[in-house]
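Peer 1: This is protein09.cif (mmCIF, C-alpha atoms).
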```cif
data_query
#
loop_
_atom_site.label_atom_id
_atom_site.label_comp_id
_atom_site.auth_asym_id
_atom_site.auth_seq_id
_atom_site.Cartn_x
_atom_site.Cartn_y
_atom_site.Cartn_z
CA MET R 1 21.44 -66.93 43.04
CA LYS R 2 21.92 -63.90 40.83
CA ILE R 3 23.00 -60.85 42.80
CA ALA R 4 22.84 -57.37 41.30
CA VAL R 5 25.37 -55.07 42.95
CA ILE R 6 24.53 -51.44 42.26
CA GLY R 7 27.84 -49.64 42.42
CA ALA R 8 31.30 -51.05 41.73
CA GLY R 9 33.38 -48.97 44.13
CA LYS R 10 35.21 -50.43 47.11
CA VAL R 11 32.12 -51.82 48.85
CA GLY R 12 30.39 -53.07 45.73
CA SER R 13 33.58 -54.67 44.43
CA ALA R 14 34.26 -56.37 47.75
CA LEU R 15 30.77 -57.81 48.13
CA GLY R 16 30.56 -58.86 44.50
CA THR R 17 33.94 -60.56 44.69
CA GLY R 18 33.08 -62.31 47.93
CA TRP R 19 29.80 -63.72 46.67
CA ALA R 20 31.27 -64.68 43.30
CA LYS R 21 33.74 -66.86 45.20
CA THR R 22 30.85 -68.63 46.93
CA GLY R 23 29.25 -69.50 43.62
CA HIS R 24 26.72 -66.73 43.03
CA THR R 25 26.24 -65.01 39.68
CA ILE R 26 27.15 -61.32 39.95
CA VAL R 27 26.01 -58.47 37.74
CA PHE R 28 27.25 -54.98 38.53
CA GLY R 29 24.87 -52.10 37.91
CA VAL R 30 26.79 -48.99 36.85
CA ARG R 31 26.48 -45.85 34.77
CA ASP R 32 29.44 -46.66 32.52
CA VAL R 33 29.85 -50.34 31.64
CA ASN R 34 32.98 -49.63 29.59
CA LYS R 35 35.31 -48.49 32.37
CA ALA R 36 38.60 -50.37 32.23
CA GLU R 37 38.64 -51.07 35.97
CA LEU R 38 35.14 -52.53 35.83
CA LYS R 39 35.98 -54.73 32.86
CA ALA R 40 39.04 -56.01 34.69
CA LEU R 41 36.98 -56.74 37.81
CA CYS R 42 34.34 -58.61 35.83
CA ALA R 43 36.98 -60.66 34.03
CA ARG R 44 38.72 -61.48 37.29
CA ILE R 45 35.64 -62.79 39.14
CA GLY R 46 33.48 -63.94 36.24
CA ALA R 47 30.86 -61.20 36.61
CA THR R 48 28.99 -59.07 34.09
CA ALA R 49 27.96 -55.42 34.06
CA ALA R 50 24.85 -53.61 32.88
CA PRO R 51 23.18 -50.23 33.29
CA SER R 52 21.93 -50.03 36.86
CA ALA R 53 18.20 -50.41 36.17
CA ASP R 54 18.82 -53.40 33.90
CA ALA R 55 21.06 -55.04 36.49
CA ALA R 56 18.47 -54.51 39.22
CA ARG R 57 15.79 -56.19 37.13
CA GLN R 58 18.06 -59.20 36.62
CA GLY R 59 18.96 -59.72 40.27
CA ASP R 60 17.22 -62.09 42.66
CA VAL R 61 18.79 -59.85 45.31
CA VAL R 62 19.80 -56.22 44.74
CA VAL R 63 22.65 -54.73 46.77
CA LEU R 64 22.93 -50.96 47.10
CA ALA R 65 26.58 -49.93 47.41
CA LEU R 66 26.51 -46.27 46.43
CA PRO R 67 27.84 -43.05 47.94
CA TRP R 68 25.04 -41.48 49.96
CA THR R 69 25.40 -38.19 48.09
CA VAL R 70 24.07 -39.80 44.91
CA ALA R 71 21.90 -42.49 46.46
CA GLU R 72 18.43 -40.97 46.23
CA ASN R 73 18.46 -40.20 42.52
CA ALA R 74 20.31 -43.41 41.66
CA VAL R 75 17.99 -45.64 43.69
CA LYS R 76 14.82 -44.02 42.38
CA ALA R 77 16.14 -44.50 38.84
CA LEU R 78 16.23 -48.28 39.37
CA GLY R 79 12.50 -48.40 38.69
CA ASP R 80 9.85 -50.69 40.14
CA LEU R 81 11.51 -53.30 42.37
CA LYS R 82 8.39 -54.32 44.26
CA GLY R 83 8.90 -57.65 45.99
CA LYS R 84 12.67 -57.69 45.43
CA ILE R 85 15.07 -58.26 48.29
CA ILE R 86 17.21 -55.13 48.65
CA ILE R 87 20.38 -55.10 50.74
CA ASP R 88 21.15 -51.55 51.83
CA SER R 89 24.84 -51.35 52.75
CA MET R 90 24.97 -47.55 52.68
CA ASN R 91 25.53 -45.15 55.55
CA PRO R 92 24.06 -41.64 55.28
CA LEU R 93 27.43 -39.93 55.74
CA ALA R 94 27.84 -36.18 55.46
CA MET R 95 30.34 -33.53 56.46
CA LYS R 96 29.03 -31.17 59.14
CA ASP R 97 31.19 -28.21 60.15
CA GLY R 98 34.18 -30.02 58.73
CA VAL R 99 33.49 -33.22 60.69
CA LEU R 100 32.32 -36.51 59.22
CA GLY R 101 28.98 -37.57 60.65
CA LEU R 102 25.53 -38.82 59.77
CA GLU R 103 23.10 -36.82 57.68
CA ARG R 104 20.22 -38.37 59.65
CA GLY R 105 19.68 -40.77 62.52
CA PHE R 106 17.84 -41.85 65.69
CA THR R 107 14.44 -40.60 64.49
CA SER R 108 15.01 -41.63 60.88
CA SER R 109 17.54 -43.65 58.92
CA GLY R 110 19.03 -44.18 55.52
CA GLY R 111 17.50 -47.65 55.44
CA GLU R 112 14.00 -46.26 55.92
CA ALA R 113 14.68 -43.66 53.25
CA VAL R 114 15.65 -46.42 50.82
CA ALA R 115 12.38 -48.22 51.56
CA SER R 116 10.46 -45.03 50.76
CA TRP R 117 12.34 -44.67 47.47
CA LEU R 118 11.54 -48.28 46.48
CA PRO R 119 7.87 -48.86 47.42
CA GLY R 120 7.08 -52.51 47.98
CA ALA R 121 10.68 -53.68 47.97
CA ARG R 122 11.89 -55.82 50.88
CA VAL R 123 14.75 -53.75 52.28
CA VAL R 124 17.30 -55.24 54.68
CA LYS R 125 19.96 -53.05 56.27
CA THR R 126 23.35 -54.74 56.69
CA PHE R 127 27.01 -54.66 55.64
CA ASN R 128 27.26 -51.06 56.78
CA GLN R 129 29.23 -51.84 59.94
CA VAL R 130 32.76 -52.50 58.66
CA GLY R 131 35.04 -51.15 55.98
CA ALA R 132 35.08 -52.65 52.50
CA GLU R 133 38.34 -54.49 53.12
CA MET R 134 36.79 -56.56 55.90
CA MET R 135 33.72 -57.62 53.94
CA MET R 136 35.69 -60.43 52.28
CA ALA R 137 37.74 -61.30 55.37
CA GLY R 138 35.08 -62.74 57.68
CA ASP R 139 36.61 -66.21 57.66
CA ARG R 140 40.08 -64.91 58.57
CA PHE R 141 39.26 -63.80 62.13
CA GLU R 142 40.12 -65.90 65.17
CA THR R 143 36.60 -65.25 66.47
CA ARG R 144 33.81 -65.10 63.93
CA PRO R 145 32.81 -61.43 63.48
CA VAL R 146 29.18 -60.35 63.60
CA MET R 147 27.07 -58.43 61.14
CA PHE R 148 23.76 -57.02 62.32
CA LEU R 149 20.82 -56.82 59.95
CA ALA R 150 17.44 -55.13 60.17
CA GLY R 151 14.32 -55.42 58.05
CA ASP R 152 10.57 -55.83 58.13
CA ASP R 153 10.31 -59.04 56.09
CA ASP R 154 11.42 -62.22 57.86
CA THR R 155 11.84 -64.21 54.65
CA ALA R 156 14.05 -61.52 53.17
CA LYS R 157 16.10 -61.37 56.35
CA SER R 158 16.57 -65.14 56.26
CA THR R 159 17.91 -64.97 52.70
CA VAL R 160 20.21 -62.07 53.58
CA ALA R 161 21.41 -63.83 56.74
CA GLN R 162 22.50 -66.74 54.55
CA LEU R 163 24.46 -64.36 52.31
CA VAL R 164 26.03 -62.71 55.36
CA GLY R 165 27.09 -66.13 56.64
CA GLU R 166 28.64 -67.06 53.32
CA LEU R 167 31.09 -64.19 53.74
CA GLY R 168 32.18 -65.51 57.13
CA PHE R 169 30.09 -63.34 59.45
CA GLU R 170 27.59 -64.34 62.09
CA ALA R 171 24.30 -62.68 61.15
CA LEU R 172 22.45 -61.17 64.12
CA ASP R 173 18.89 -59.96 63.64
CA ALA R 174 18.47 -56.45 65.07
CA GLY R 175 14.73 -56.34 64.39
CA ALA R 176 12.59 -54.14 62.17
CA LEU R 177 13.99 -51.82 59.53
CA LYS R 178 13.64 -48.85 61.88
CA GLN R 179 16.53 -50.40 63.81
CA ALA R 180 18.69 -49.01 61.04
CA ARG R 181 18.45 -45.90 63.21
CA ILE R 182 20.90 -47.57 65.59
CA LEU R 183 22.92 -49.59 63.08
CA GLU R 184 23.95 -46.51 61.13
CA PRO R 185 25.25 -44.66 64.21
CA PHE R 186 26.84 -47.95 65.27
CA ALA R 187 28.83 -47.84 62.04
CA MET R 188 30.23 -44.51 63.14
CA ALA R 189 31.93 -46.31 66.05
CA TRP R 190 33.87 -48.40 63.51
CA ILE R 191 34.68 -45.32 61.43
CA ASN R 192 35.81 -43.39 64.52
CA GLN R 193 38.19 -46.11 65.69
CA ALA R 194 39.43 -47.06 62.22
CA LEU R 195 40.03 -43.62 60.80
CA PHE R 196 40.52 -41.26 63.73
CA ARG R 197 41.71 -43.29 66.76
CA GLY R 198 44.54 -45.27 65.25
CA LEU R 199 42.98 -48.74 65.33
CA GLY R 200 43.23 -49.11 61.57
CA ARG R 201 40.83 -50.87 59.24
CA ASN R 202 41.64 -54.56 59.78
CA TRP R 203 39.04 -55.37 62.45
CA ALA R 204 35.33 -55.99 62.87
CA PHE R 205 32.81 -56.22 65.68
CA GLY R 206 32.32 -59.56 67.44
CA VAL R 207 30.36 -61.17 70.23
CA ILE R 208 32.39 -62.93 72.93
CA ARG R 209 30.35 -65.60 74.73
CA LEU R 210 31.01 -67.15 78.12
CA LYS R 211 32.27 -70.71 78.09
CA GLY R 212 29.89 -73.42 79.21
#
```
What is this structure when it is put down as structure tokens?
Peer 2:
Amino acid sequence: MKIAVIGAGKVGSALGTGWAKTGHTIVFGVRDVNKAELKALCARIGATAAPSADAARQGDVVVLALPWTVAENAVKALGDLKGKIIIDSMNPLAMKDGVLGLERGFTSSGGEAVASWLPGARVVKTFNQVGAEMMMAGDRFETRPVMFLAGDDDTAKSTVAQLVGELGFEALDAGALKQARILEPFAMAWINQALFRGLGRNWAFGVIRLKG
């Protein structure tokens, strides 16, 4: 499968690297394809890079891994992606009165906004619930960590669930895309514990089941 990763920052690099290791073809969509760091990343994992709209057209699946502050303009500039599977890994983060929080939530979501920016695309919200470092570490946990996903297209969710599993996570279906309204605030629980409560970044959410 060819996966277009829009954005080559920490999240985009982690996801692209993880899926390259599982045998997928990765193309990074970026503004500047000549950055030294990007060239080094592509050489290291066997990926290519292209302007974002070109990369999105190439991908069987398109992953959005952009800062929320630039997301709307960048996503709209990708062009017509009707029918494409879109993985939205972004959280609508914003500073409010000097405190990191969500720019929207509970009655709306970043995932739903992405769907409105890409009419006809099959948007699935996932990979927003841990830090970038953990996105390649799913198979290193004693108990398999979970990754919730939400979307309106069951076929798209099935494809994305497979990709989630390939990175070592158990994919749990949270329902329709509007459930991004709870997955994005849920991400804030990870951010709170990782950044502000001393737990650090080397953990993920899991489901502990009773024996028998």
Peer 1: Write out as a PDB file with C-alpha atoms, in the frame of the given file the residues lying within 7 Å of region 64-80 of chain R, counting only C-alpha atoms and excluding same-chain residues fewer than 5 positions away.
Peer 2:
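File written: result_37.pdb
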```pdb
ATOM      1  CA  VAL R   5      25.370 -55.070  42.950  1.00  0.00           C
ATOM      2  CA  ILE R   6      24.530 -51.440  42.260  1.00  0.00           C
ATOM      3  CA  GLY R   7      27.840 -49.640  42.420  1.00  0.00           C
ATOM      4  CA  VAL R  11      32.120 -51.820  48.850  1.00  0.00           C
ATOM      5  CA  GLY R  12      30.390 -53.070  45.730  1.00  0.00           C
ATOM      6  CA  SER R  52      21.930 -50.030  36.860  1.00  0.00           C
ATOM      7  CA  ALA R  53      18.200 -50.410  36.170  1.00  0.00           C
ATOM      8  CA  ALA R  56      18.470 -54.510  39.220  1.00  0.00           C
ATOM      9  CA  ILE R  87      20.380 -55.100  50.740  1.00  0.00           C
ATOM     10  CA  ASP R  88      21.150 -51.550  51.830  1.00  0.00           C
ATOM     11  CA  SER R  89      24.840 -51.350  52.750  1.00  0.00           C
ATOM     12  CA  MET R  90      24.970 -47.550  52.680  1.00  0.00           C
ATOM     13  CA  ASN R  91      25.530 -45.150  55.550  1.00  0.00           C
ATOM     14  CA  PRO R  92      24.060 -41.640  55.280  1.00  0.00           C
ATOM     15  CA  LEU R  93      27.430 -39.930  55.740  1.00  0.00           C
ATOM     16  CA  TRP R 117      12.340 -44.670  47.470  1.00  0.00           C
ATOM     17  CA  LEU R 118      11.540 -48.280  46.480  1.00  0.00           C
TER      18      LEU R 118
END
```
Peer 1: When distances are computed from all atoms listed in the file, which of R:Ala161, R:Val124, R:Leu210, R:Met188 shows the smallest separation from Ala94 (chain R)?
Peer 2: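 Closest to Ala94 (chain R) of all the choices is R:Met188.
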Peer 1: Name every residue that the PyMOL selection byres ((chain R and resi 39) around 12) selects in this structure, writing the answer as a short mmCIF file (atom, residue, chain, number, x, y, z; two decimals) with C-alpha atoms, in the coordinates of the input with chains first and numbers rising.
Peer 2:
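File written: selection-v2.cif
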```cif
data_model
loop_
_atom_site.label_atom_id
_atom_site.label_comp_id
_atom_site.auth_asym_id
_atom_site.auth_seq_id
_atom_site.Cartn_x
_atom_site.Cartn_y
_atom_site.Cartn_z
CA ALA R 8 31.30 -51.05 41.73
CA SER R 13 33.58 -54.67 44.43
CA VAL R 27 26.01 -58.47 37.74
CA PHE R 28 27.25 -54.98 38.53
CA VAL R 30 26.79 -48.99 36.85
CA ASP R 32 29.44 -46.66 32.52
CA VAL R 33 29.85 -50.34 31.64
CA ASN R 34 32.98 -49.63 29.59
CA LYS R 35 35.31 -48.49 32.37
CA ALA R 36 38.60 -50.37 32.23
CA GLU R 37 38.64 -51.07 35.97
CA LEU R 38 35.14 -52.53 35.83
CA ALA R 40 39.04 -56.01 34.69
CA LEU R 41 36.98 -56.74 37.81
CA CYS R 42 34.34 -58.61 35.83
CA ALA R 43 36.98 -60.66 34.03
CA ARG R 44 38.72 -61.48 37.29
CA ILE R 45 35.64 -62.79 39.14
CA GLY R 46 33.48 -63.94 36.24
CA ALA R 47 30.86 -61.20 36.61
CA THR R 48 28.99 -59.07 34.09
CA ALA R 49 27.96 -55.42 34.06
CA ALA R 50 24.85 -53.61 32.88
#
```
Peer 1: With all atoms listed in the file as the atoms that count, which of R:Thr143, R:Gln162, R:Gln179, R:Thr155 lies nearest to Phe205 (chain R)?
Peer 2: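 For Phe205 (chain R), the nearest of the candidates is R:Thr143.
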Peer 1: Can you turn the PyMOL selection byres ((chain R and resi 180) around 12) into a concrete residue list for this file, as a ChimeraX atom specification?
Peer 2: /R:88-92,104-115,123-129,148-152,173-179,181-187
Peer 1: If you keep C-alpha atoms, can you produce a file of those selected residues as a PDB file, keeping the file's coordinate frame?
Peer 2:
```pdb
ATOM      1  CA  ASP R  88      21.150 -51.550  51.830  1.00  0.00           C
ATOM      2  CA  SER R  89      24.840 -51.350  52.750  1.00  0.00           C
ATOM      3  CA  MET R  90      24.970 -47.550  52.680  1.00  0.00           C
ATOM      4  CA  ASN R  91      25.530 -45.150  55.550  1.00  0.00           C
ATOM      5  CA  PRO R  92      24.060 -41.640  55.280  1.00  0.00           C
ATOM      6  CA  ARG R 104      20.220 -38.370  59.650  1.00  0.00           C
ATOM      7  CA  GLY R 105      19.680 -40.770  62.520  1.00  0.00           C
ATOM      8  CA  PHE R 106      17.840 -41.850  65.690  1.00  0.00           C
ATOM      9  CA  THR R 107      14.440 -40.600  64.490  1.00  0.00           C
ATOM     10  CA  SER R 108      15.010 -41.630  60.880  1.00  0.00           C
ATOM     11  CA  SER R 109      17.540 -43.650  58.920  1.00  0.00           C
ATOM     12  CA  GLY R 110      19.030 -44.180  55.520  1.00  0.00           C
ATOM     13  CA  GLY R 111      17.500 -47.650  55.440  1.00  0.00           C
ATOM     14  CA  GLU R 112      14.000 -46.260  55.920  1.00  0.00           C
ATOM     15  CA  ALA R 113      14.680 -43.660  53.250  1.00  0.00           C
ATOM     16  CA  VAL R 114      15.650 -46.420  50.820  1.00  0.00           C
ATOM     17  CA  ALA R 115      12.380 -48.220  51.560  1.00  0.00           C
ATOM     18  CA  VAL R 123      14.750 -53.750  52.280  1.00  0.00           C
ATOM     19  CA  VAL R 124      17.300 -55.240  54.680  1.00  0.00           C
ATOM     20  CA  LYS R 125      19.960 -53.050  56.270  1.00  0.00           C
ATOM     21  CA  THR R 126      23.350 -54.740  56.690  1.00  0.00           C
ATOM     22  CA  PHE R 127      27.010 -54.660  55.640  1.00  0.00           C
ATOM     23  CA  ASN R 128      27.260 -51.060  56.780  1.00  0.00           C
ATOM     24  CA  GLN R 129      29.230 -51.840  59.940  1.00  0.00           C
ATOM     25  CA  PHE R 148      23.760 -57.020  62.320  1.00  0.00           C
ATOM     26  CA  LEU R 149      20.820 -56.820  59.950  1.00  0.00           C
ATOM     27  CA  ALA R 150      17.440 -55.130  60.170  1.00  0.00           C
ATOM     28  CA  GLY R 151      14.320 -55.420  58.050  1.00  0.00           C
ATOM     29  CA  ASP R 152      10.570 -55.830  58.130  1.00  0.00           C
ATOM     30  CA  ASP R 173      18.890 -59.960  63.640  1.00  0.00           C
ATOM     31  CA  ALA R 174      18.470 -56.450  65.070  1.00  0.00           C
ATOM     32  CA  GLY R 175      14.730 -56.340  64.390  1.00  0.00           C
ATOM     33  CA  ALA R 176      12.590 -54.140  62.170  1.00  0.00           C
ATOM     34  CA  LEU R 177      13.990 -51.820  59.530  1.00  0.00           C
ATOM     35  CA  LYS R 178      13.640 -48.850  61.880  1.00  0.00           C
ATOM     36  CA  GLN R 179      16.530 -50.400  63.810  1.00  0.00           C
ATOM     37  CA  ARG R 181      18.450 -45.900  63.210  1.00  0.00           C
ATOM     38  CA  ILE R 182      20.900 -47.570  65.590  1.00  0.00           C
ATOM     39  CA  LEU R 183      22.920 -49.590  63.080  1.00  0.00           C
ATOM     40  CA  GLU R 184      23.950 -46.510  61.130  1.00  0.00           C
ATOM     41  CA  PRO R 185      25.250 -44.660  64.210  1.00  0.00           C
ATOM     42  CA  PHE R 186      26.840 -47.950  65.270  1.00  0.00           C
ATOM     43  CA  ALA R 187      28.830 -47.840  62.040  1.00  0.00           C
TER      44      ALA R 187
END
```
Peer 1: What is the distance between CA of Lys2 (chain R) and CA of Asp60 (chain R), in Å to one decimal?
Peer 2: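 The value is 5.4 Å.
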Peer 1: Nearest residue to Lys157 (chain R) out of R:Ser116, R:Leu172, R:Met95, R:Trp19, using all atoms listed in the file?
Peer 2: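 When distances to Lys157 (chain R) are compared using all atoms listed in the file, the smallest one comes from R:Leu172.
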Peer 1: One decimal, in Å: what's the spacing between CA of Phe196 (chain R) and CA of Val99 (chain R)?
Peer 2: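 So the answer is 11.1 Å.
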Peer 1: Exactly which residues make up the result of the PyMOL selection byres ((chain R and resi 121) around 6) on this file, given as a VMD selection string?
Peer 2: chain R and resid 81 to 84 118 to 120 122 to 123
Peer 1: Put the listed atoms of region 14-18 of chain R in a box along x, y and z with 8 Å added on every side and give me the centre and edge lengths in Å to one decimal, as AutoDock Vina command-line options.
Peer 2:
```
--center_x 32.4 --center_y -59.3 --center_z 46.3 --size_x 19.7 --size_y 21.9 --size_z 19.6
```
Peer 1: With the input short on atoms, add N, CA and C atoms back to region 152-170 of chain R and write it as a PDB file, in the coordinates of the input.
Peer 2:
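out.pdb written:
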```pdb
ATOM      1  N   ASP R 152      11.951 -55.560  57.740  1.00  0.00           N
ATOM      2  CA  ASP R 152      10.570 -55.830  58.130  1.00  0.00           C
ATOM      3  C   ASP R 152      10.029 -57.146  57.591  1.00  0.00           C
ATOM      4  N   ASP R 153      10.776 -57.805  56.711  1.00  0.00           N
ATOM      5  CA  ASP R 153      10.310 -59.040  56.090  1.00  0.00           C
ATOM      6  C   ASP R 153      11.198 -60.192  56.549  1.00  0.00           C
ATOM      7  N   ASP R 154      10.631 -61.134  57.289  1.00  0.00           N
ATOM      8  CA  ASP R 154      11.420 -62.220  57.860  1.00  0.00           C
ATOM      9  C   ASP R 154      12.034 -63.122  56.799  1.00  0.00           C
ATOM     10  N   THR R 155      11.305 -63.369  55.714  1.00  0.00           N
ATOM     11  CA  THR R 155      11.840 -64.210  54.650  1.00  0.00           C
ATOM     12  C   THR R 155      13.040 -63.549  53.989  1.00  0.00           C
ATOM     13  N   ALA R 156      12.922 -62.254  53.747  1.00  0.00           N
ATOM     14  CA  ALA R 156      14.050 -61.520  53.170  1.00  0.00           C
ATOM     15  C   ALA R 156      15.240 -61.542  54.103  1.00  0.00           C
ATOM     16  N   LYS R 157      14.999 -61.362  55.398  1.00  0.00           N
ATOM     17  CA  LYS R 157      16.100 -61.370  56.350  1.00  0.00           C
ATOM     18  C   LYS R 157      16.775 -62.738  56.400  1.00  0.00           C
ATOM     19  N   SER R 158      15.995 -63.802  56.258  1.00  0.00           N
ATOM     20  CA  SER R 158      16.570 -65.140  56.260  1.00  0.00           C
ATOM     21  C   SER R 158      17.498 -65.337  55.065  1.00  0.00           C
ATOM     22  N   THR R 159      17.071 -64.874  53.894  1.00  0.00           N
ATOM     23  CA  THR R 159      17.910 -64.970  52.700  1.00  0.00           C
ATOM     24  C   THR R 159      19.189 -64.155  52.869  1.00  0.00           C
ATOM     25  N   VAL R 160      19.048 -62.938  53.395  1.00  0.00           N
ATOM     26  CA  VAL R 160      20.210 -62.070  53.580  1.00  0.00           C
ATOM     27  C   VAL R 160      21.138 -62.640  54.647  1.00  0.00           C
ATOM     28  N   ALA R 161      20.580 -63.214  55.696  1.00  0.00           N
ATOM     29  CA  ALA R 161      21.410 -63.830  56.740  1.00  0.00           C
ATOM     30  C   ALA R 161      22.273 -64.937  56.152  1.00  0.00           C
ATOM     31  N   GLN R 162      21.722 -65.699  55.225  1.00  0.00           N
ATOM     32  CA  GLN R 162      22.500 -66.740  54.550  1.00  0.00           C
ATOM     33  C   GLN R 162      23.663 -66.122  53.781  1.00  0.00           C
ATOM     34  N   LEU R 163      23.400 -65.031  53.070  1.00  0.00           N
ATOM     35  CA  LEU R 163      24.460 -64.360  52.310  1.00  0.00           C
ATOM     36  C   LEU R 163      25.514 -63.775  53.235  1.00  0.00           C
ATOM     37  N   VAL R 164      25.082 -63.230  54.365  1.00  0.00           N
ATOM     38  CA  VAL R 164      26.030 -62.710  55.360  1.00  0.00           C
ATOM     39  C   VAL R 164      26.935 -63.843  55.848  1.00  0.00           C
ATOM     40  N   GLY R 165      26.323 -64.987  56.154  1.00  0.00           N
ATOM     41  CA  GLY R 165      27.090 -66.130  56.640  1.00  0.00           C
ATOM     42  C   GLY R 165      28.090 -66.647  55.634  1.00  0.00           C
ATOM     43  N   GLU R 166      27.740 -66.579  54.352  1.00  0.00           N
ATOM     44  CA  GLU R 166      28.640 -67.060  53.320  1.00  0.00           C
ATOM     45  C   GLU R 166      29.924 -66.240  53.231  1.00  0.00           C
ATOM     46  N   LEU R 167      29.888 -65.016  53.718  1.00  0.00           N
ATOM     47  CA  LEU R 167      31.090 -64.190  53.740  1.00  0.00           C
ATOM     48  C   LEU R 167      31.823 -64.267  55.077  1.00  0.00           C
ATOM     49  N   GLY R 168      31.427 -65.235  55.914  1.00  0.00           N
ATOM     50  CA  GLY R 168      32.180 -65.510  57.130  1.00  0.00           C
ATOM     51  C   GLY R 168      31.709 -64.801  58.371  1.00  0.00           C
ATOM     52  N   PHE R 169      30.597 -64.066  58.294  1.00  0.00           N
ATOM     53  CA  PHE R 169      30.090 -63.340  59.450  1.00  0.00           C
ATOM     54  C   PHE R 169      28.940 -64.096  60.109  1.00  0.00           C
ATOM     55  N   GLU R 170      28.779 -63.874  61.392  1.00  0.00           N
ATOM     56  CA  GLU R 170      27.590 -64.340  62.090  1.00  0.00           C
ATOM     57  C   GLU R 170      26.509 -63.271  61.939  1.00  0.00           C
TER      58      GLU R 170
END
```
